[in-house]
Amino acid sequence: MATVMNKQVLLRDYVTGFANESDLVITSTNVDLRVPKGSLTALVKNLYLSCDPYMRNRMRRPDPLSPATAQSFTPGMPISGLGVSKVIDSGHPDYREGDLLWGAVGWEEYSVITPIPNLHFKIHHTNFPLSYYTGLLGMPGMTAYVGFYEICSPKKGEAVFVSAASGAVGQLVGQFAKMMGCYVVGSAGSKEKVDLLKNKFGFDDAFNYKEVHNLVAALKRCFPQGIDIYFENVGGKMLDAVILNMRPHGRIAACGMISQYNLQNPEGVYGLSLITYKRIRIEGFNCFDYFHKYSEFLEFVVPYVREGKITYVEDVAEGLESAPAALVGLFHGKNVGKQLVVVSRDLE
């Protein structure tokens, strides 16, 4: 049976505090190019890997009191995430050699997977860049779709605030909100990102949170009548400031809190009593609970993408060797748009 070298990204050890590139190790092993006869597995060649903030929690030591660490990576083993892949060999009845798919894979050049419904998806729309399945047409796109339409229950004319708005999810939430006729403001961490929000994604306004001394006042300036919907990606001080600026019966979709993932002692939120007086609904969600609606999402979004009505920006790192820096860079705001890693552009 033929074998090839398989480069991998391993977790050196559980991480406390801010993750560093040195916490991830590049190594190589060998992999067979055929799956065992009678197996229901598939050998896939990974083309693109998705860098996502939730992966930081998987670098923590498992804690029985924290659901966030329930699927922690194992030190000394390849980390895993979502990626776009091509089937090299398969014993699974739903996948054949040459099929393209996206879903859960190892951070390596080749992965042996057991395809699972609603965790692995065959790619049928191949007329779009395959990298889009790490973002716009993949999990981040589903997250924006579910979080905005299902959790936030938006209405035309409402005021929407999106934090981390130039990222993989935020850039889509803002565009979905504009398509509904909402007033949309986003926050980001650089002038370049703020310009993207206003000039490329069509946000009504945006600000650089790093240059704002008073978040409450900044939000009051942008939303003199208050905020109806907040798409939460940041947490901490930003969430506190938003609650003070929310209108009665406002909705907060808690997608993530990236400002807290590297802290040993997460920041408290001090204005929570206002959710009672203002009748604010805060709901956390995980898009993995909604993957049964993936086909519905594609029916919604594909026509907009095809017609050029949705814009998507990617930040592309080349080669598996660049993966540690790309992932760690997320937590320092180094990415502009959806961060992904190209493992191979070779479809052969």
# chains A, B, ... in the order shown; residues from 1 in each chain; ligands from 1
>>> residues_around(residues="segment 288-300 of chain A", least_positions_apart="6", cutoff="9 Å", atoms="only C-alpha atoms", output="PyMOL selection string")
chain A and resi 117-119+137-139+141-143+145-146
>>> residues_around(residues="Gly17 of chain A", least_positions_apart="4", cutoff="7 Å", atoms="only C-alpha atoms", output="compact mmCIF listing (two decimals) with N, CA, C and O atoms, in the first residue's frame")
# COMPACT_ATOMS: atom_id res chain seq x y z
N ASN A 262 -8.37 34.51 26.07
CA ASN A 262 -6.98 34.34 26.51
C ASN A 262 -6.76 34.81 27.94
O ASN A 262 -5.62 34.77 28.43
N LEU A 263 -7.82 35.25 28.61
CA LEU A 263 -7.68 35.77 29.97
C LEU A 263 -7.82 34.66 31.00
O LEU A 263 -8.74 33.84 30.92
N GLN A 264 -6.93 34.66 31.98
CA GLN A 264 -7.06 33.70 33.08
C GLN A 264 -8.22 34.07 33.98
O GLN A 264 -8.88 33.21 34.55
>>> closest_residue(among="A:Arg12, A:Arg56, A:His92, A:Lys191", to="Thr74 of chain A", atoms="only C-alpha atoms")
A:Arg12
>>> residues_around(residues="segment 237-251 of chain A", least_positions_apart="6", cutoff="9 Å", atoms="only C-alpha atoms", output="ChimeraX atom specification")
/A:151-154,161,163,209,214-217,219-220,223-231,267-272,274-275,277-283
>>> write_last_selection(atoms="C-alpha atoms", output="tab-separated table (two decimals), in the first residue's frame")
chain	number	residue	atom	x	y	z
A	151	ILE	CA	-31.80	34.57	17.17
A	152	CYS	CA	-32.21	38.31	16.57
A	153	SER	CA	-35.61	38.25	14.79
A	154	PRO	CA	-34.79	41.49	12.92
A	161	PHE	CA	-24.58	46.96	16.19
A	163	SER	CA	-18.66	43.99	17.16
A	209	TYR	CA	-12.62	50.66	19.42
A	214	ASN	CA	-15.41	55.93	26.26
A	215	LEU	CA	-17.30	53.07	24.59
A	216	VAL	CA	-20.61	54.11	26.12
A	217	ALA	CA	-20.30	57.60	24.61
A	219	LEU	CA	-22.18	53.99	21.00
A	220	LYS	CA	-24.47	56.83	22.11
A	223	PHE	CA	-27.14	55.23	18.23
A	224	PRO	CA	-28.78	58.32	19.76
A	225	GLN	CA	-32.09	56.43	19.98
A	226	GLY	CA	-30.49	53.22	21.25
A	227	ILE	CA	-29.62	49.77	19.87
A	228	ASP	CA	-32.29	47.20	18.93
A	229	ILE	CA	-29.96	44.33	18.02
A	230	TYR	CA	-26.43	43.57	19.12
A	231	PHE	CA	-24.47	40.78	17.45
A	267	GLU	CA	-13.76	40.44	32.87
A	268	GLY	CA	-17.07	40.84	34.62
A	269	VAL	CA	-20.13	42.48	33.08
A	270	TYR	CA	-21.56	45.00	35.48
A	271	GLY	CA	-24.73	46.27	33.80
A	272	LEU	CA	-26.65	43.02	33.71
A	274	LEU	CA	-30.53	46.52	33.09
A	275	ILE	CA	-31.63	43.51	31.07
A	277	TYR	CA	-35.62	46.84	33.35
A	278	LYS	CA	-35.14	47.06	29.59
A	279	ARG	CA	-36.63	43.58	28.88
A	280	ILE	CA	-33.53	42.67	26.90
A	281	ARG	CA	-33.18	39.11	25.60
A	282	ILE	CA	-29.66	37.66	25.50
A	283	GLU	CA	-29.29	34.29	23.82
>>> select_by_dssp(residues="segment 72-202 of chain A", states="strand (DSSP E)", output="PyMOL selection string")
chain A and resi 80-90+100-106+110-113+120-122+159-162+183-188
>>> write_last_selection(atoms="N, CA, C and O atoms", output="short mmCIF file (atom, residue, chain, number, x, y, z; two decimals), in the first residue's frame")
data_model
loop_
_atom_site.label_atom_id
_atom_site.label_comp_id
_atom_site.auth_asym_id
_atom_site.auth_seq_id
_atom_site.Cartn_x
_atom_site.Cartn_y
_atom_site.Cartn_z
N SER A 80 -7.50 19.98 15.35
CA SER A 80 -8.50 19.79 14.31
C SER A 80 -9.38 21.03 14.21
O SER A 80 -9.41 21.87 15.10
N GLY A 81 -10.08 21.11 13.11
CA GLY A 81 -10.98 22.24 12.88
C GLY A 81 -11.79 21.96 11.63
O GLY A 81 -11.99 20.80 11.25
N LEU A 82 -12.24 23.01 10.98
CA LEU A 82 -13.02 22.86 9.76
C LEU A 82 -12.13 23.16 8.56
O LEU A 82 -11.27 24.03 8.61
N GLY A 83 -12.37 22.43 7.49
CA GLY A 83 -11.55 22.63 6.30
C GLY A 83 -12.27 22.18 5.05
O GLY A 83 -13.35 21.60 5.09
N VAL A 84 -11.64 22.48 3.93
CA VAL A 84 -12.13 22.05 2.61
C VAL A 84 -11.17 21.00 2.09
O VAL A 84 -9.94 21.19 2.12
N SER A 85 -11.71 19.89 1.61
CA SER A 85 -10.88 18.74 1.26
C SER A 85 -11.36 18.05 0.00
O SER A 85 -12.51 18.22 -0.43
N LYS A 86 -10.46 17.23 -0.57
CA LYS A 86 -10.80 16.39 -1.71
C LYS A 86 -10.63 14.93 -1.31
O LYS A 86 -9.63 14.57 -0.68
N VAL A 87 -11.57 14.09 -1.69
CA VAL A 87 -11.52 12.67 -1.35
C VAL A 87 -10.49 11.97 -2.23
O VAL A 87 -10.56 12.04 -3.47
N ILE A 88 -9.53 11.30 -1.59
CA ILE A 88 -8.52 10.53 -2.30
C ILE A 88 -8.94 9.07 -2.42
O ILE A 88 -8.76 8.41 -3.44
N ASP A 89 -9.50 8.53 -1.35
CA ASP A 89 -10.01 7.15 -1.35
C ASP A 89 -11.13 7.08 -0.33
O ASP A 89 -11.12 7.81 0.68
N SER A 90 -12.10 6.22 -0.55
CA SER A 90 -13.25 6.18 0.35
C SER A 90 -13.87 4.80 0.39
O SER A 90 -14.04 4.13 -0.64
N LEU A 100 -15.48 16.68 -3.52
CA LEU A 100 -15.04 17.79 -2.68
C LEU A 100 -16.00 17.92 -1.51
O LEU A 100 -17.22 17.75 -1.66
N LEU A 101 -15.47 18.22 -0.34
CA LEU A 101 -16.31 18.36 0.84
C LEU A 101 -15.72 19.40 1.77
O LEU A 101 -14.56 19.79 1.64
N TRP A 102 -16.55 19.86 2.70
CA TRP A 102 -16.03 20.68 3.80
C TRP A 102 -16.58 20.13 5.10
O TRP A 102 -17.66 19.53 5.13
N GLY A 103 -15.82 20.30 6.16
CA GLY A 103 -16.24 19.79 7.46
C GLY A 103 -15.04 19.59 8.37
O GLY A 103 -13.97 20.15 8.16
N ALA A 104 -15.23 18.75 9.39
CA ALA A 104 -14.20 18.55 10.42
C ALA A 104 -13.06 17.69 9.90
O ALA A 104 -13.28 16.57 9.42
N VAL A 105 -11.83 18.23 9.99
CA VAL A 105 -10.62 17.51 9.57
C VAL A 105 -9.48 17.87 10.53
O VAL A 105 -9.59 18.82 11.31
N GLY A 106 -8.41 17.12 10.44
CA GLY A 106 -7.22 17.46 11.21
C GLY A 106 -6.45 18.57 10.54
O GLY A 106 -6.59 18.81 9.33
N TYR A 110 -3.16 15.44 5.00
CA TYR A 110 -4.14 14.39 4.71
C TYR A 110 -4.82 13.98 6.01
O TYR A 110 -4.18 13.89 7.06
N SER A 111 -6.11 13.71 5.94
CA SER A 111 -6.85 13.26 7.11
C SER A 111 -7.68 12.03 6.76
O SER A 111 -8.21 11.92 5.64
N VAL A 112 -7.78 11.12 7.70
CA VAL A 112 -8.72 10.00 7.58
C VAL A 112 -9.93 10.37 8.43
O VAL A 112 -9.81 10.58 9.64
N ILE A 113 -11.09 10.49 7.78
CA ILE A 113 -12.30 10.92 8.48
C ILE A 113 -13.39 9.86 8.34
O ILE A 113 -13.36 9.04 7.42
N HIS A 120 -20.04 16.92 8.00
CA HIS A 120 -19.32 16.90 6.73
C HIS A 120 -20.34 17.13 5.62
O HIS A 120 -21.40 16.51 5.62
N PHE A 121 -20.00 18.01 4.68
CA PHE A 121 -20.94 18.40 3.64
C PHE A 121 -20.27 18.30 2.28
O PHE A 121 -19.20 18.88 2.06
N LYS A 122 -20.91 17.58 1.37
CA LYS A 122 -20.39 17.50 0.01
C LYS A 122 -20.59 18.85 -0.67
O LYS A 122 -21.63 19.50 -0.52
N ALA A 159 -32.09 49.27 14.56
CA ALA A 159 -30.69 49.69 14.71
C ALA A 159 -29.87 48.50 15.18
O ALA A 159 -30.17 47.90 16.22
N VAL A 160 -28.84 48.17 14.39
CA VAL A 160 -28.04 46.96 14.62
C VAL A 160 -26.58 47.34 14.86
O VAL A 160 -25.99 48.10 14.09
N PHE A 161 -26.00 46.77 15.92
CA PHE A 161 -24.58 46.96 16.19
C PHE A 161 -23.88 45.61 16.12
O PHE A 161 -24.36 44.61 16.67
N VAL A 162 -22.73 45.57 15.43
CA VAL A 162 -21.94 44.35 15.27
C VAL A 162 -20.53 44.62 15.75
O VAL A 162 -19.86 45.53 15.25
N TYR A 183 -30.42 49.97 10.09
CA TYR A 183 -29.31 50.90 10.28
C TYR A 183 -28.22 50.11 10.98
O TYR A 183 -28.45 49.52 12.05
N VAL A 184 -27.01 50.08 10.40
CA VAL A 184 -25.97 49.17 10.89
C VAL A 184 -24.67 49.91 11.19
O VAL A 184 -24.16 50.68 10.36
N VAL A 185 -24.14 49.64 12.39
CA VAL A 185 -22.85 50.18 12.80
C VAL A 185 -21.97 49.02 13.25
O VAL A 185 -22.45 48.06 13.87
N GLY A 186 -20.67 49.10 12.94
CA GLY A 186 -19.75 48.06 13.36
C GLY A 186 -18.54 48.63 14.07
O GLY A 186 -18.18 49.79 13.88
N SER A 187 -17.91 47.82 14.88
CA SER A 187 -16.64 48.20 15.51
C SER A 187 -15.56 47.25 15.02
O SER A 187 -15.81 46.09 14.72
N ALA A 188 -14.34 47.78 14.92
CA ALA A 188 -13.19 46.99 14.49
C ALA A 188 -11.94 47.61 15.11
O ALA A 188 -12.02 48.64 15.79
#
>>> residues_around(residues="Asp32 of chain A", least_positions_apart="4", cutoff="9 Å", atoms="only C-alpha atoms", output="list of chain:residue names")
A:Met1, A:Ala2, A:Thr3, A:Val4, A:Leu43
>>> write_last_selection(atoms="all heavy atoms", output="PDB file, in the first residue's frame")
ATOM      1  N   MET A   1       0.854  -1.192   0.000  1.00  0.00           N
ATOM      2  CA  MET A   1       0.000   0.000   0.000  1.00  0.00           C
ATOM      3  C   MET A   1       0.893   1.247   0.000  1.00  0.00           C
ATOM      4  O   MET A   1       1.783   1.384   0.830  1.00  0.00           O
ATOM      5  CB  MET A   1      -0.912   0.001   1.232  1.00  0.00           C
ATOM      6  CG  MET A   1      -1.912   1.149   1.245  1.00  0.00           C
ATOM      7  SD  MET A   1      -2.976   1.105   2.711  1.00  0.00           S
ATOM      8  CE  MET A   1      -3.954  -0.370   2.360  1.00  0.00           C
ATOM      9  N   ALA A   2       0.626   2.173  -0.939  1.00  0.00           N
ATOM     10  CA  ALA A   2       1.436   3.382  -1.061  1.00  0.00           C
ATOM     11  C   ALA A   2       1.218   4.311   0.128  1.00  0.00           C
ATOM     12  O   ALA A   2       0.098   4.423   0.647  1.00  0.00           O
ATOM     13  CB  ALA A   2       1.085   4.105  -2.356  1.00  0.00           C
ATOM     14  N   THR A   3       2.289   4.953   0.550  1.00  0.00           N
ATOM     15  CA  THR A   3       2.195   5.926   1.636  1.00  0.00           C
ATOM     16  C   THR A   3       2.840   7.228   1.186  1.00  0.00           C
ATOM     17  O   THR A   3       3.673   7.242   0.285  1.00  0.00           O
ATOM     18  CB  THR A   3       2.904   5.434   2.918  1.00  0.00           C
ATOM     19  OG1 THR A   3       4.299   5.292   2.656  1.00  0.00           O
ATOM     20  CG2 THR A   3       2.313   4.130   3.399  1.00  0.00           C
ATOM     21  N   VAL A   4       2.434   8.309   1.821  1.00  0.00           N
ATOM     22  CA  VAL A   4       3.047   9.615   1.565  1.00  0.00           C
ATOM     23  C   VAL A   4       3.326  10.286   2.902  1.00  0.00           C
ATOM     24  O   VAL A   4       2.739   9.931   3.933  1.00  0.00           O
ATOM     25  CB  VAL A   4       2.140  10.537   0.710  1.00  0.00           C
ATOM     26  CG1 VAL A   4       1.962   9.979  -0.688  1.00  0.00           C
ATOM     27  CG2 VAL A   4       0.794  10.746   1.386  1.00  0.00           C
ATOM     28  N   LEU A  43     -10.197   8.885   3.073  1.00  0.00           N
ATOM     29  CA  LEU A  43      -8.940   9.613   3.117  1.00  0.00           C
ATOM     30  C   LEU A  43      -9.114  10.867   2.284  1.00  0.00           C
ATOM     31  O   LEU A  43      -9.487  10.794   1.107  1.00  0.00           O
ATOM     32  CB  LEU A  43      -7.793   8.777   2.554  1.00  0.00           C
ATOM     33  CG  LEU A  43      -6.467   9.520   2.387  1.00  0.00           C
ATOM     34  CD1 LEU A  43      -5.845   9.827   3.741  1.00  0.00           C
ATOM     35  CD2 LEU A  43      -5.493   8.731   1.512  1.00  0.00           C
TER      36      LEU A  43
END
>>> select_by_dssp(residues="segment 199-316 of chain A", states="alpha helix (DSSP H)", output="PyMOL selection string")
chain A and resi 199+215-222+237-245+274-277+294-306
>>> write_last_selection(atoms="N, CA, C and O atoms", output="short mmCIF file (atom, residue, chain, number, x, y, z; two decimals), in the first residue's frame")
data_model
loop_
_atom_site.label_atom_id
_atom_site.label_comp_id
_atom_site.auth_asym_id
_atom_site.auth_seq_id
_atom_site.Cartn_x
_atom_site.Cartn_y
_atom_site.Cartn_z
N ASN A 199 -16.89 51.29 3.44
CA ASN A 199 -16.75 51.46 1.99
C ASN A 199 -16.93 50.19 1.17
O ASN A 199 -17.22 50.27 -0.02
N LEU A 215 -16.47 53.88 25.49
CA LEU A 215 -17.30 53.07 24.59
C LEU A 215 -18.78 53.44 24.71
O LEU A 215 -19.51 53.43 23.72
N VAL A 216 -19.20 53.75 25.92
CA VAL A 216 -20.61 54.11 26.12
C VAL A 216 -20.95 55.35 25.29
O VAL A 216 -21.97 55.40 24.59
N ALA A 217 -20.07 56.35 25.35
CA ALA A 217 -20.30 57.60 24.61
C ALA A 217 -20.22 57.37 23.10
O ALA A 217 -20.99 57.95 22.33
N ALA A 218 -19.28 56.52 22.67
CA ALA A 218 -19.14 56.23 21.24
C ALA A 218 -20.40 55.58 20.69
O ALA A 218 -20.87 55.92 19.60
N LEU A 219 -20.96 54.65 21.45
CA LEU A 219 -22.18 53.99 21.00
C LEU A 219 -23.38 54.94 21.04
O LEU A 219 -24.26 54.89 20.17
N LYS A 220 -23.39 55.83 22.03
CA LYS A 220 -24.47 56.83 22.11
C LYS A 220 -24.43 57.76 20.90
O LYS A 220 -25.48 58.16 20.37
N ARG A 221 -23.22 58.09 20.46
CA ARG A 221 -23.08 58.94 19.28
C ARG A 221 -23.64 58.24 18.04
O ARG A 221 -24.33 58.85 17.22
N CYS A 222 -23.32 56.95 17.92
CA CYS A 222 -23.78 56.19 16.74
C CYS A 222 -25.25 55.83 16.82
O CYS A 222 -25.91 55.71 15.78
N LYS A 237 -15.85 44.69 28.22
CA LYS A 237 -16.24 46.11 28.31
C LYS A 237 -17.22 46.50 27.20
O LYS A 237 -18.10 47.35 27.41
N MET A 238 -17.07 45.88 26.03
CA MET A 238 -17.97 46.21 24.92
C MET A 238 -19.40 45.78 25.26
O MET A 238 -20.36 46.54 25.02
N LEU A 239 -19.57 44.61 25.82
CA LEU A 239 -20.91 44.14 26.18
C LEU A 239 -21.53 45.05 27.23
O LEU A 239 -22.72 45.40 27.16
N ASP A 240 -20.73 45.46 28.21
CA ASP A 240 -21.21 46.39 29.23
C ASP A 240 -21.72 47.68 28.60
O ASP A 240 -22.80 48.18 28.94
N ALA A 241 -20.93 48.23 27.68
CA ALA A 241 -21.31 49.50 27.05
C ALA A 241 -22.56 49.35 26.20
O ALA A 241 -23.40 50.26 26.14
N VAL A 242 -22.68 48.21 25.55
CA VAL A 242 -23.86 47.99 24.71
C VAL A 242 -25.12 47.92 25.55
O VAL A 242 -26.15 48.52 25.21
N ILE A 243 -25.07 47.17 26.64
CA ILE A 243 -26.27 47.02 27.48
C ILE A 243 -26.79 48.39 27.92
O ILE A 243 -28.01 48.63 27.93
N LEU A 244 -25.88 49.30 28.26
CA LEU A 244 -26.29 50.65 28.66
C LEU A 244 -26.98 51.40 27.52
O LEU A 244 -27.78 52.31 27.76
N ASN A 245 -26.69 51.00 26.27
CA ASN A 245 -27.24 51.69 25.11
C ASN A 245 -28.37 50.92 24.42
O ASN A 245 -28.88 51.38 23.39
N LEU A 274 -29.72 45.76 34.05
CA LEU A 274 -30.53 46.52 33.09
C LEU A 274 -31.30 45.63 32.14
O LEU A 274 -32.28 46.07 31.54
N ILE A 275 -30.88 44.37 31.99
CA ILE A 275 -31.63 43.51 31.07
C ILE A 275 -33.04 43.24 31.60
O ILE A 275 -33.96 42.97 30.83
N THR A 276 -33.21 43.37 32.92
CA THR A 276 -34.55 43.21 33.50
C THR A 276 -35.39 44.44 33.21
O THR A 276 -36.51 44.33 32.70
N TYR A 277 -34.85 45.61 33.52
CA TYR A 277 -35.62 46.84 33.35
C TYR A 277 -35.90 47.15 31.88
O TYR A 277 -36.97 47.68 31.53
N TYR A 294 -28.55 23.72 6.77
CA TYR A 294 -27.51 24.18 5.86
C TYR A 294 -28.03 24.35 4.43
O TYR A 294 -27.71 25.33 3.76
N SER A 295 -28.84 23.41 3.96
CA SER A 295 -29.36 23.53 2.60
C SER A 295 -30.26 24.76 2.47
O SER A 295 -30.25 25.45 1.44
N GLU A 296 -31.00 25.07 3.53
CA GLU A 296 -31.84 26.27 3.55
C GLU A 296 -30.97 27.52 3.46
O GLU A 296 -31.29 28.48 2.74
N PHE A 297 -29.87 27.51 4.19
CA PHE A 297 -28.93 28.63 4.15
C PHE A 297 -28.38 28.83 2.74
O PHE A 297 -28.31 29.95 2.23
N LEU A 298 -27.96 27.73 2.09
CA LEU A 298 -27.41 27.84 0.74
C LEU A 298 -28.45 28.40 -0.24
O LEU A 298 -28.13 29.22 -1.10
N GLU A 299 -29.69 27.95 -0.11
CA GLU A 299 -30.75 28.46 -0.99
C GLU A 299 -30.91 29.97 -0.83
O GLU A 299 -31.20 30.69 -1.79
N PHE A 300 -30.69 30.44 0.39
CA PHE A 300 -30.80 31.87 0.67
C PHE A 300 -29.60 32.65 0.13
O PHE A 300 -29.76 33.66 -0.55
N VAL A 301 -28.41 32.17 0.42
CA VAL A 301 -27.22 33.00 0.21
C VAL A 301 -26.62 32.88 -1.19
O VAL A 301 -26.06 33.86 -1.71
N VAL A 302 -26.71 31.70 -1.81
CA VAL A 302 -26.05 31.50 -3.11
C VAL A 302 -26.50 32.50 -4.17
O VAL A 302 -25.66 33.07 -4.89
N PRO A 303 -27.81 32.77 -4.31
CA PRO A 303 -28.22 33.76 -5.31
C PRO A 303 -27.61 35.14 -5.08
O PRO A 303 -27.21 35.83 -6.04
N TYR A 304 -27.50 35.56 -3.83
CA TYR A 304 -26.90 36.86 -3.53
C TYR A 304 -25.42 36.88 -3.90
O TYR A 304 -24.90 37.88 -4.41
N VAL A 305 -24.72 35.77 -3.62
CA VAL A 305 -23.30 35.70 -3.96
C VAL A 305 -23.14 35.71 -5.48
O VAL A 305 -22.29 36.42 -6.02
N ARG A 306 -23.96 34.93 -6.15
CA ARG A 306 -23.87 34.84 -7.61
C ARG A 306 -24.12 36.19 -8.27
O ARG A 306 -23.51 36.53 -9.27
#
>>> closest_residue(among="A:His125, A:Arg96, A:Lys7, A:Lys156", to="Thr41 of chain A", atoms="only C-alpha atoms")
A:Arg96
>>> closest_atom_pairs(of="segment 235-265 of chain A", to="segment 310-333 of chain A", cutoff="9 Å", atoms="only C-alpha atoms", output="Markdown table")
| residue | atom | partner | partner_atom | distance |
| --- | --- | --- | --- | --- |
| A:Ile258 | CA | A:Phe331 | CA | 7.2 |
| A:Ser259 | CA | A:Phe331 | CA | 7.8 |
| A:Tyr261 | CA | A:Phe331 | CA | 8.4 |
| A:Asn262 | CA | A:Phe331 | CA | 8.0 |
>>> write_last_selection(atoms="all heavy atoms", output="compact mmCIF listing (two decimals), in the first residue's frame")
# COMPACT_ATOMS: atom_id res chain seq x y z
N ILE A 258 -14.40 37.01 21.99
CA ILE A 258 -12.99 36.77 21.71
C ILE A 258 -12.06 37.54 22.65
O ILE A 258 -10.94 37.11 22.90
CB ILE A 258 -12.68 37.11 20.23
CG1 ILE A 258 -11.30 36.56 19.84
CG2 ILE A 258 -12.80 38.60 19.97
CD1 ILE A 258 -11.01 36.65 18.36
N SER A 259 -12.53 38.66 23.22
CA SER A 259 -11.67 39.43 24.13
C SER A 259 -11.39 38.67 25.42
O SER A 259 -10.48 39.04 26.17
CB SER A 259 -12.32 40.77 24.46
OG SER A 259 -13.42 40.62 25.34
N TYR A 261 -11.08 35.07 25.67
CA TYR A 261 -10.60 33.69 25.52
C TYR A 261 -9.19 33.47 26.05
O TYR A 261 -8.84 32.36 26.44
CB TYR A 261 -10.65 33.27 24.05
CG TYR A 261 -12.04 33.19 23.48
CD1 TYR A 261 -12.26 33.23 22.10
CD2 TYR A 261 -13.16 33.07 24.31
CE1 TYR A 261 -13.53 33.15 21.56
CE2 TYR A 261 -14.43 33.00 23.77
CZ TYR A 261 -14.61 33.04 22.40
OH TYR A 261 -15.88 32.96 21.88
N ASN A 262 -8.37 34.51 26.07
CA ASN A 262 -6.98 34.34 26.51
C ASN A 262 -6.76 34.81 27.94
O ASN A 262 -5.62 34.77 28.43
CB ASN A 262 -6.04 35.11 25.57
CG ASN A 262 -5.96 34.48 24.19
OD1 ASN A 262 -5.34 33.44 24.01
ND2 ASN A 262 -6.60 35.10 23.22
>>> atom_distance(atom1="atom CA of Tyr14 of chain A", atom2="atom CA of Thr69 of chain A")
10.9 Å
>>> residues_around(residues="Gln260 of chain A", least_positions_apart="4", cutoff="7 Å", atoms="only C-alpha atoms", output="list of chain:residue names")
A:Gly235, A:Gly236, A:Pro266
>>> write_last_selection(atoms="N, CA, C and O atoms", output="mmCIF file, in the first residue's frame")
data_model
loop_
_atom_site.group_PDB
_atom_site.id
_atom_site.type_symbol
_atom_site.label_atom_id
_atom_site.label_comp_id
_atom_site.auth_asym_id
_atom_site.auth_seq_id
_atom_site.Cartn_x
_atom_site.Cartn_y
_atom_site.Cartn_z
ATOM 1 N N GLY A 235 -17.503 40.576 23.919
ATOM 2 C CA GLY A 235 -17.641 40.428 25.358
ATOM 3 C C GLY A 235 -16.973 41.547 26.137
ATOM 4 O O GLY A 235 -16.551 42.565 25.584
ATOM 5 N N GLY A 236 -16.875 41.369 27.471
ATOM 6 C CA GLY A 236 -16.160 42.309 28.330
ATOM 7 C C GLY A 236 -16.739 43.710 28.326
ATOM 8 O O GLY A 236 -17.955 43.906 28.409
ATOM 9 N N PRO A 266 -11.471 36.175 33.377
ATOM 10 C CA PRO A 266 -12.324 36.945 32.463
ATOM 11 C C PRO A 266 -12.945 38.146 33.141
ATOM 12 O O PRO A 266 -13.216 38.150 34.350
#
>>> residues_around(residues="Met5 of chain A", least_positions_apart="6", cutoff="8 Å", atoms="only C-alpha atoms", output="tab-separated table (two decimals) with C-alpha atoms, in the first residue's frame")
chain	number	residue	atom	x	y	z
A	28	SER	CA	5.51	14.91	9.87
A	29	THR	CA	4.31	11.32	9.76
A	30	ASN	CA	3.26	8.90	7.03
A	31	VAL	CA	-0.25	8.12	5.84
>>> atom_distance(atom1="atom CA of Ala144 of chain A", atom2="atom CA of Gln175 of chain A")
9.8 Å
>>> closest_residue(among="A:Ala253, A:Gly38, A:Trp107, A:Gly76", to="Tyr149 of chain A", atoms="only C-alpha atoms")
A:Ala253
